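Chemist: Just passing along the structure, written as structure tokens.
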Amino acid sequence: YGVGARKGIDFKTQAEFVAWLKKAHFPVPEIFNVVMGIDQVIESIKRIEEKRPEFFFETDGAVIKVNDFALQKELGIKTREPRWAIAYKFPAHQGTTTIEDIIVSVGRTGAITPIAMLKPVRIGGVTVSRSTLHNWDEIERKDIRIGDAVVVERAGDVIPHVVTVIKEKRTGQERKFPPPDRCPVCGSHVVRGEGEVAYRCLGLNCEAQVLERIYHYASRGAMDIEGLGGKSVELLYDQGLIKHFVDLYKLKKEQLLDLPRFAEKSAQNLIDAIEKSKTTTLSRFLYALGIVHVGEYAAKQLARNFEKIEDLYQVQPERIMEIKQMGEKLAESISGFFNEKENLHTLETLKKLGLKISNPDYEEGSRKEKGPLDGLTFVITGTLSKSREEFEALIEQFGGRVAGSVSKKTSYVLAGADPGAKKIEKAKSLEVKIITEDEFVKMMGE
């Protein structure tokens with residue numbers, strides 16, 4: 001647990017917080033100790049691991065936290081995890097079984113994933129009968145073949161994956177599984193992009209991609225079209241009523257009434273839900289579009305930096321890379337999407353069909369008064385006197401922007417102790433000025 005909003009109560013330590021949770025009848029860890037020093041930490045981890053089989057739930061490790069909340073705040077948070085906590089992972093549960101077949105799955109972006117169909121085996125209390133093989137590089141590296149005896153483990157005690165092949169058990173009957181040259185769903189050509197591990201189907205009308213794109217577009221985190229579940233999407237697609245998510249906005253109630261699963265009320269409810277989805281936010285819409293590598297967080301970041309969807313038309317990768325935590329791969333994907341004529345035509349069609357997009361994320365940022373850092377882009381590297389998040393908030397509060405990587409449009413690199421060598425080298429090669437924390441403070445003025 002972590003402490004979020006609270007009123008009329010305060011905690012100075014994690015131990016106080018857990019004691020309060022227990023008193024308030026929240027479930028708390030069966031084993032919770034406050035210890036001093038690394039030796040006691042290791043001893044506690046061993047004790048938890050010994051008792052692991054007795055727990056009524058699955059657990060894949062133990063978490064060590066700094067107890068004092070004031071110290072937690074002082075230590076701060078890195079991009080993806082806090083400096084005041086770390087997880088120790090126990091060895092994963094493993095089992096031995098046989099790969100009976102390998103099939104492929106085509107995702108909504110066209111990526112083709114090989115999947116091992118396993119002879120069912122119990123691993124950590126769960127029956128495992130299939131495992132992703134990730135990609136063909138992984139198959140080649142581990143020399144995985146149909147018919148192989150393999151060791152399988154549940155990564156994080158959740159997701160099964162093949163650890164290794166037991167080659168001494170081979171009989172000579174095992175078969176290699178080469179990458180497909182045609183999509184198994186639509187028969188279109190399959191390509192592998194430069195620098196990518198995934199093979200992708202090029203078929204614009206590939207049924208697997210179309211259905212997955214529509215599912216994703218209608219999902220709760222995206223356009224949130226209530227009542228448009230998997231079976232309904234398949235039914236509408238099979239009946240020829242939708243071939244793309246754009247077609248959702250052309251549906252008529254009368255068309256639904258002729259279909260199984262739809263009566264007067266359910267048909268009207270779906271039409272109302274589709275109509276309601278026409279009013280949405282930019283971050284939701286960007287996520288709904290299913291752009292490769294763009295999840296909910298990236299969509300939110302884009303919405304904070306671009307006022308309207310039209311501002312993204314013909315956007316260049318360098319502009320995207322100015323945004324915090326937006327790397328080159330993500331920037332190329334976003335730029336590629338918004339420089340594709342067919343995609344822009346689709347967006348214009350959606351607007352003509354009545355789609356209205358607001359952007360509270362951008363409006364919230366634009367209400368801030370201009371400050372001494374207005375229009376400047378910073379990249380932060382190294383250890384500063386306060387947490388990185390506090391400096392990021394300060395820069396944004398006074399009109400600046402924080403980017404995750406150095407580019408031609410970077411104004412300054414703010415470098416603390418032990419800065420990242422790659423960022424410093426890139427800044428020097430692009431002649432981007434590198435400043436210290438003291439120089440940054442002077443820039444802030446009053």
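Every chain in the structure tokens takes a letter, A first, then B, and so on in the order presented; its residues are numbered from 1, and the ligands are numbered from 1 following the presented order.
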Can you tell me which residues surround segment 271-276 of chain A at a distance of at most 10 Å, considering only C-alpha atoms, apart from same-chain residues fewer than 5 positions away, and format the answer as a PDB file with C-alpha atoms, in the first residue's frame?

Modeler:
ATOM      1  CA  ALA A 218     -14.469   0.643 -28.120  1.00  0.00           C
ATOM      2  CA  MET A 223     -13.853   5.476 -26.452  1.00  0.00           C
ATOM      3  CA  ASP A 224     -15.719   3.491 -23.770  1.00  0.00           C
ATOM      4  CA  ILE A 225     -18.631   2.288 -25.936  1.00  0.00           C
ATOM      5  CA  GLU A 226     -20.718   0.357 -23.431  1.00  0.00           C
ATOM      6  CA  GLY A 227     -22.313  -2.808 -24.767  1.00  0.00           C
ATOM      7  CA  LEU A 228     -19.904  -3.248 -27.672  1.00  0.00           C
ATOM      8  CA  LEU A 248     -19.644   2.327 -35.986  1.00  0.00           C
ATOM      9  CA  TYR A 249     -20.845   5.895 -36.473  1.00  0.00           C
ATOM     10  CA  LYS A 250     -22.837   4.894 -39.570  1.00  0.00           C
ATOM     11  CA  LEU A 251     -24.872   2.185 -37.817  1.00  0.00           C
ATOM     12  CA  LYS A 252     -28.661   2.545 -37.679  1.00  0.00           C
ATOM     13  CA  LYS A 253     -30.955   1.069 -35.071  1.00  0.00           C
ATOM     14  CA  LEU A 256     -29.382  -3.949 -35.409  1.00  0.00           C
ATOM     15  CA  LYS A 265     -33.895  -1.834 -25.931  1.00  0.00           C
ATOM     16  CA  SER A 266     -30.426  -3.351 -26.476  1.00  0.00           C
ATOM     17  CA  GLY A 354     -19.779  14.300 -35.578  1.00  0.00           C
ATOM     18  CA  LEU A 355     -16.758  13.467 -33.427  1.00  0.00           C
TER      19      LEU A 355
END

Chemist: As a ChimeraX atom specification, please: all residues of segment 336-411 of chain A that backbone DSSP puts in alpha helix (DSSP H).

Modeler: /A:336-338,341-352,360-366,388-397

Chemist: Grab the residues selected above and save them as a compact mmCIF listing (two decimals), in the first residue's frame with C-alpha atoms.

Modeler:
# COMPACT_ATOMS: atom_id res chain seq x y z
CA GLY A 336 4.59 7.84 -39.19
CA PHE A 337 0.91 7.61 -38.25
CA PHE A 338 0.25 11.34 -38.62
CA LYS A 341 -2.54 10.38 -45.88
CA GLU A 342 -5.01 7.54 -45.41
CA ASN A 343 -4.91 7.98 -41.62
CA LEU A 344 -5.50 11.73 -41.87
CA HIS A 345 -8.41 11.07 -44.23
CA THR A 346 -9.88 8.72 -41.58
CA LEU A 347 -9.57 11.42 -38.92
CA GLU A 348 -11.32 13.97 -41.12
CA THR A 349 -14.10 11.45 -41.84
CA LEU A 350 -14.62 10.94 -38.10
CA LYS A 351 -14.97 14.70 -37.62
CA LYS A 352 -17.56 14.86 -40.41
CA PRO A 360 -8.69 19.36 -20.70
CA ASP A 361 -5.09 18.11 -20.33
CA TYR A 362 -3.72 20.88 -22.55
CA GLU A 363 -6.11 23.49 -21.17
CA GLU A 364 -4.91 22.73 -17.65
CA GLY A 365 -1.33 23.39 -18.69
CA SER A 366 -2.12 26.50 -20.73
CA ARG A 388 13.91 14.60 -10.41
CA GLU A 389 10.10 14.88 -10.13
CA GLU A 390 10.40 18.10 -8.10
CA PHE A 391 12.65 19.66 -10.75
CA GLU A 392 10.32 18.52 -13.53
CA ALA A 393 7.35 20.07 -11.73
CA LEU A 394 9.31 23.31 -11.22
CA ILE A 395 10.30 23.55 -14.88
CA GLU A 396 6.73 22.92 -16.07
CA GLN A 397 5.29 25.31 -13.47

Chemist: With a distance cut-off of 8 Å and only C-alpha atoms, select the neighbouring residues of Thr109 of chain A, excluding the residue or stretch itself and same-chain residues fewer than 6 positions from it, and output the selection as a ChimeraX atom specification.

Modeler: /A:200,209,213,290-292

Chemist: Report the residues of segment 61-191 of chain A whose backbone DSSP state falls under strand (DSSP E), written as number ranges by chain.

Modeler: A: 61-65, 85-89, 94-106, 111-123, 126-132, 149-155, 159-165, 190-191

Chemist: Which residues come within 10 Å of Gln94 of chain A, counting only C-alpha atoms, excluding same-chain residues fewer than 2 positions away, as a list in words?

Modeler: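 Here the answer would be Pro91, Ala92, Thr96, Val121, Arg122, Ile123, Gly124, Val151, Val152, Glu153, Arg154, Ala155, Asp157, Pro160, His161, Val162 and Val163 of chain A.
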
Chemist: Would you kindly return, as a PyMOL selection string, each protein, DNA or RNA residue with an atom no farther than 12 Å from any atom of Ala19 of chain A, considering only C-alpha atoms and excluding same-chain residues fewer than 5 positions away?

Modeler: chain A and resi 1+11-14+24-29+32-34

Chemist: May I have the residues from that selection written out with N, CA, C and O atoms, as an mmCIF file, in the first residue's frame?

Modeler:
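Final file, selection.cif:
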data_model
loop_
_atom_site.group_PDB
_atom_site.id
_atom_site.type_symbol
_atom_site.label_atom_id
_atom_site.label_comp_id
_atom_site.auth_asym_id
_atom_site.auth_seq_id
_atom_site.Cartn_x
_atom_site.Cartn_y
_atom_site.Cartn_z
ATOM 1 N N TYR A 1 0.817 -1.204 0.000
ATOM 2 C CA TYR A 1 0.000 0.000 0.000
ATOM 3 C C TYR A 1 0.862 1.269 0.000
ATOM 4 O O TYR A 1 1.975 1.266 0.521
ATOM 5 N N PHE A 11 0.568 9.852 9.005
ATOM 6 C CA PHE A 11 1.480 8.752 9.328
ATOM 7 C C PHE A 11 2.895 9.224 9.071
ATOM 8 O O PHE A 11 3.170 9.864 8.064
ATOM 9 N N LYS A 12 3.798 8.884 9.990
ATOM 10 C CA LYS A 12 5.201 9.247 9.817
ATOM 11 C C LYS A 12 6.016 8.114 9.210
ATOM 12 O O LYS A 12 7.075 8.346 8.645
ATOM 13 N N THR A 13 5.507 6.892 9.334
ATOM 14 C CA THR A 13 6.268 5.738 8.843
ATOM 15 C C THR A 13 5.343 4.724 8.172
ATOM 16 O O THR A 13 4.124 4.729 8.389
ATOM 17 N N GLN A 14 5.957 3.834 7.400
ATOM 18 C CA GLN A 14 5.217 2.736 6.772
ATOM 19 C C GLN A 14 4.621 1.817 7.841
ATOM 20 O O GLN A 14 3.505 1.322 7.697
ATOM 21 N N ALA A 24 -8.065 -0.911 10.811
ATOM 22 C CA ALA A 24 -9.236 -0.522 10.022
ATOM 23 C C ALA A 24 -9.767 -1.680 9.174
ATOM 24 O O ALA A 24 -10.616 -1.489 8.299
ATOM 25 N N HIS A 25 -9.241 -2.888 9.418
ATOM 26 C CA HIS A 25 -9.717 -4.128 8.784
ATOM 27 C C HIS A 25 -9.378 -4.245 7.306
ATOM 28 O O HIS A 25 -10.071 -4.923 6.551
ATOM 29 N N PHE A 26 -8.301 -3.608 6.890
ATOM 30 C CA PHE A 26 -7.768 -3.867 5.548
ATOM 31 C C PHE A 26 -6.875 -5.099 5.622
ATOM 32 O O PHE A 26 -6.224 -5.329 6.651
ATOM 33 N N PRO A 27 -6.813 -5.905 4.546
ATOM 34 C CA PRO A 27 -5.840 -7.016 4.555
ATOM 35 C C PRO A 27 -4.424 -6.457 4.487
ATOM 36 O O PRO A 27 -4.169 -5.519 3.737
ATOM 37 N N VAL A 28 -3.559 -7.006 5.301
ATOM 38 C CA VAL A 28 -2.160 -6.555 5.317
ATOM 39 C C VAL A 28 -1.248 -7.765 5.151
ATOM 40 O O VAL A 28 -1.701 -8.903 5.319
ATOM 41 N N PRO A 29 0.035 -7.550 4.835
ATOM 42 C CA PRO A 29 0.944 -8.691 4.662
ATOM 43 C C PRO A 29 0.986 -9.588 5.896
ATOM 44 O O PRO A 29 0.935 -9.112 7.026
ATOM 45 N N PHE A 32 5.355 -8.908 8.222
ATOM 46 C CA PHE A 32 5.756 -7.503 8.085
ATOM 47 C C PHE A 32 6.687 -7.183 9.237
ATOM 48 O O PHE A 32 6.305 -7.327 10.398
ATOM 49 N N ASN A 33 7.921 -6.800 8.920
ATOM 50 C CA ASN A 33 8.900 -6.523 9.975
ATOM 51 C C ASN A 33 9.585 -5.185 9.735
ATOM 52 O O ASN A 33 9.837 -4.815 8.587
ATOM 53 N N VAL A 34 9.876 -4.481 10.806
ATOM 54 C CA VAL A 34 10.757 -3.318 10.738
ATOM 55 C C VAL A 34 12.125 -3.798 11.213
ATOM 56 O O VAL A 34 12.253 -4.312 12.330
#

Chemist: For Leu133 of chain A, work out the shell of residues within 9 Å, counting only C-alpha atoms and skipping chain neighbours fewer than 2 positions away, then give it as a CSV table (one decimal) with N, CA and C atoms, in the first residue's frame.

Modeler:
chain,number,residue,atom,x,y,z
A,102,ILE,N,3.0,-25.4,-32.4
A,102,ILE,CA,3.2,-24.0,-32.3
A,102,ILE,C,2.2,-23.3,-33.3
A,113,THR,N,2.7,-13.2,-33.4
A,113,THR,CA,3.4,-13.8,-32.2
A,113,THR,C,3.2,-15.3,-32.2
A,114,PRO,N,4.4,-16.0,-32.1
A,114,PRO,CA,4.3,-17.5,-32.0
A,114,PRO,C,3.9,-17.9,-30.6
A,115,ILE,N,3.1,-18.9,-30.5
A,115,ILE,CA,2.6,-19.4,-29.2
A,115,ILE,C,2.7,-20.9,-29.2
A,116,ALA,N,3.4,-21.4,-28.1
A,116,ALA,CA,3.6,-22.8,-27.9
A,116,ALA,C,2.4,-23.4,-27.3
A,131,SER,N,2.1,-21.1,-24.0
A,131,SER,CA,3.1,-20.1,-23.6
A,131,SER,C,3.5,-19.3,-24.8
A,135,ASN,N,8.9,-14.1,-30.1
A,135,ASN,CA,9.2,-13.8,-31.5
A,135,ASN,C,10.2,-14.9,-32.0
A,136,TRP,N,10.5,-14.8,-33.3
A,136,TRP,CA,11.3,-15.8,-33.9
A,136,TRP,C,12.8,-15.7,-33.6
A,138,GLU,N,13.7,-15.3,-30.6
A,138,GLU,CA,13.7,-16.0,-29.3
A,138,GLU,C,13.7,-17.5,-29.6
A,139,ILE,N,12.9,-17.9,-30.6
A,139,ILE,CA,12.8,-19.3,-31.0
A,139,ILE,C,14.2,-19.8,-31.5
A,144,ILE,N,14.1,-23.7,-30.2
A,144,ILE,CA,12.8,-24.3,-29.9
A,144,ILE,C,12.2,-25.0,-31.1
A,161,HIS,N,6.4,-18.9,-19.6
A,161,HIS,CA,7.3,-18.8,-20.7
A,161,HIS,C,8.3,-20.0,-20.7
A,162,VAL,N,8.8,-20.3,-21.9
A,162,VAL,CA,9.8,-21.4,-22.0
A,162,VAL,C,11.2,-20.9,-21.6

Chemist: Could you pull the residues within 12 Å of Arg47 of chain A, counting only C-alpha atoms, minus those fewer than 5 positions along the same chain, as an mmCIF file with N, CA and C atoms, in the first residue's frame?

Modeler:
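What landed in selection.cif:
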data_model
loop_
_atom_site.group_PDB
_atom_site.id
_atom_site.type_symbol
_atom_site.label_atom_id
_atom_site.label_comp_id
_atom_site.auth_asym_id
_atom_site.auth_seq_id
_atom_site.Cartn_x
_atom_site.Cartn_y
_atom_site.Cartn_z
ATOM 1 N N GLU A 30 1.067 -10.905 5.620
ATOM 2 C CA GLU A 30 1.126 -11.849 6.740
ATOM 3 C C GLU A 30 2.426 -11.672 7.512
ATOM 4 N N ILE A 31 3.494 -11.350 6.795
ATOM 5 C CA ILE A 31 4.784 -11.116 7.450
ATOM 6 C C ILE A 31 5.206 -9.686 7.164
ATOM 7 N N PHE A 32 5.355 -8.908 8.222
ATOM 8 C CA PHE A 32 5.756 -7.503 8.085
ATOM 9 C C PHE A 32 6.687 -7.183 9.237
ATOM 10 N N ASN A 33 7.921 -6.800 8.920
ATOM 11 C CA ASN A 33 8.900 -6.523 9.975
ATOM 12 C C ASN A 33 9.585 -5.185 9.735
ATOM 13 N N GLN A 40 19.643 -8.066 8.623
ATOM 14 C CA GLN A 40 18.273 -8.353 9.075
ATOM 15 C C GLN A 40 17.298 -8.391 7.895
ATOM 16 N N VAL A 41 17.564 -7.568 6.877
ATOM 17 C CA VAL A 41 16.732 -7.584 5.663
ATOM 18 C C VAL A 41 16.807 -8.967 5.018
ATOM 19 N N ILE A 42 18.031 -9.470 4.834
ATOM 20 C CA ILE A 42 18.237 -10.775 4.191
ATOM 21 C C ILE A 42 17.591 -11.888 5.012
ATOM 22 N N ARG A 52 6.636 -19.306 2.180
ATOM 23 C CA ARG A 52 5.933 -19.087 0.906
ATOM 24 C C ARG A 52 4.933 -20.203 0.559
ATOM 25 N N PRO A 53 5.291 -21.484 0.700
ATOM 26 C CA PRO A 53 4.330 -22.547 0.338
ATOM 27 C C PRO A 53 3.079 -22.565 1.219
ATOM 28 N N GLU A 54 3.150 -21.954 2.409
ATOM 29 C CA GLU A 54 2.024 -21.991 3.344
ATOM 30 C C GLU A 54 1.000 -20.900 3.072
ATOM 31 N N GLY A 61 7.810 -12.634 -4.516
ATOM 32 C CA GLY A 61 8.953 -11.948 -3.924
ATOM 33 C C GLY A 61 8.599 -11.202 -2.654
ATOM 34 N N ALA A 62 9.565 -10.436 -2.177
ATOM 35 C CA ALA A 62 9.383 -9.614 -0.978
ATOM 36 C C ALA A 62 9.817 -8.189 -1.299
ATOM 37 N N PHE A 90 11.785 -14.073 -5.741
ATOM 38 C CA PHE A 90 12.098 -15.468 -5.462
ATOM 39 C C PHE A 90 12.233 -16.230 -6.783
#

Chemist: Please measure the separation of atom CA of Lys51 of chain A and atom CA of Ala87 of chain A, giving the value in Å to one decimal.

Modeler: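 Value for the atom CA of Lys51 of chain A-atom CA of Ala87 of chain A distance: 17.4 Å.
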
Chemist: For each of A:Glu322, A:Ile357, A:Arg182, A:Glu310, take the minimum atom-to-atom distance to Asn339 of chain A, counting only C-alpha atoms, then give the residue where this is smallest.

Modeler: A:Glu310

Chemist: Hey, which of A:Lys300, A:Arg401, A:Arg6, A:Lys308 ends up closest to Ile323 of chain A? Count only C-alpha atoms.

Modeler: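 With only C-alpha atoms as the atom set, the closest residue is A:Arg401.
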
Chemist: So how far away is atom CA of Ala222 of chain A from atom CA of His134 of chain A, in Å?

Modeler: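 Between these atoms lies a distance of 25.8 Å.
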
Chemist: Atom CA of Ala403 of chain A and atom CA of Lys433 of chain A, how far apart in Å?

Modeler: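 Here the two named atoms are 14.7 Å from each other.
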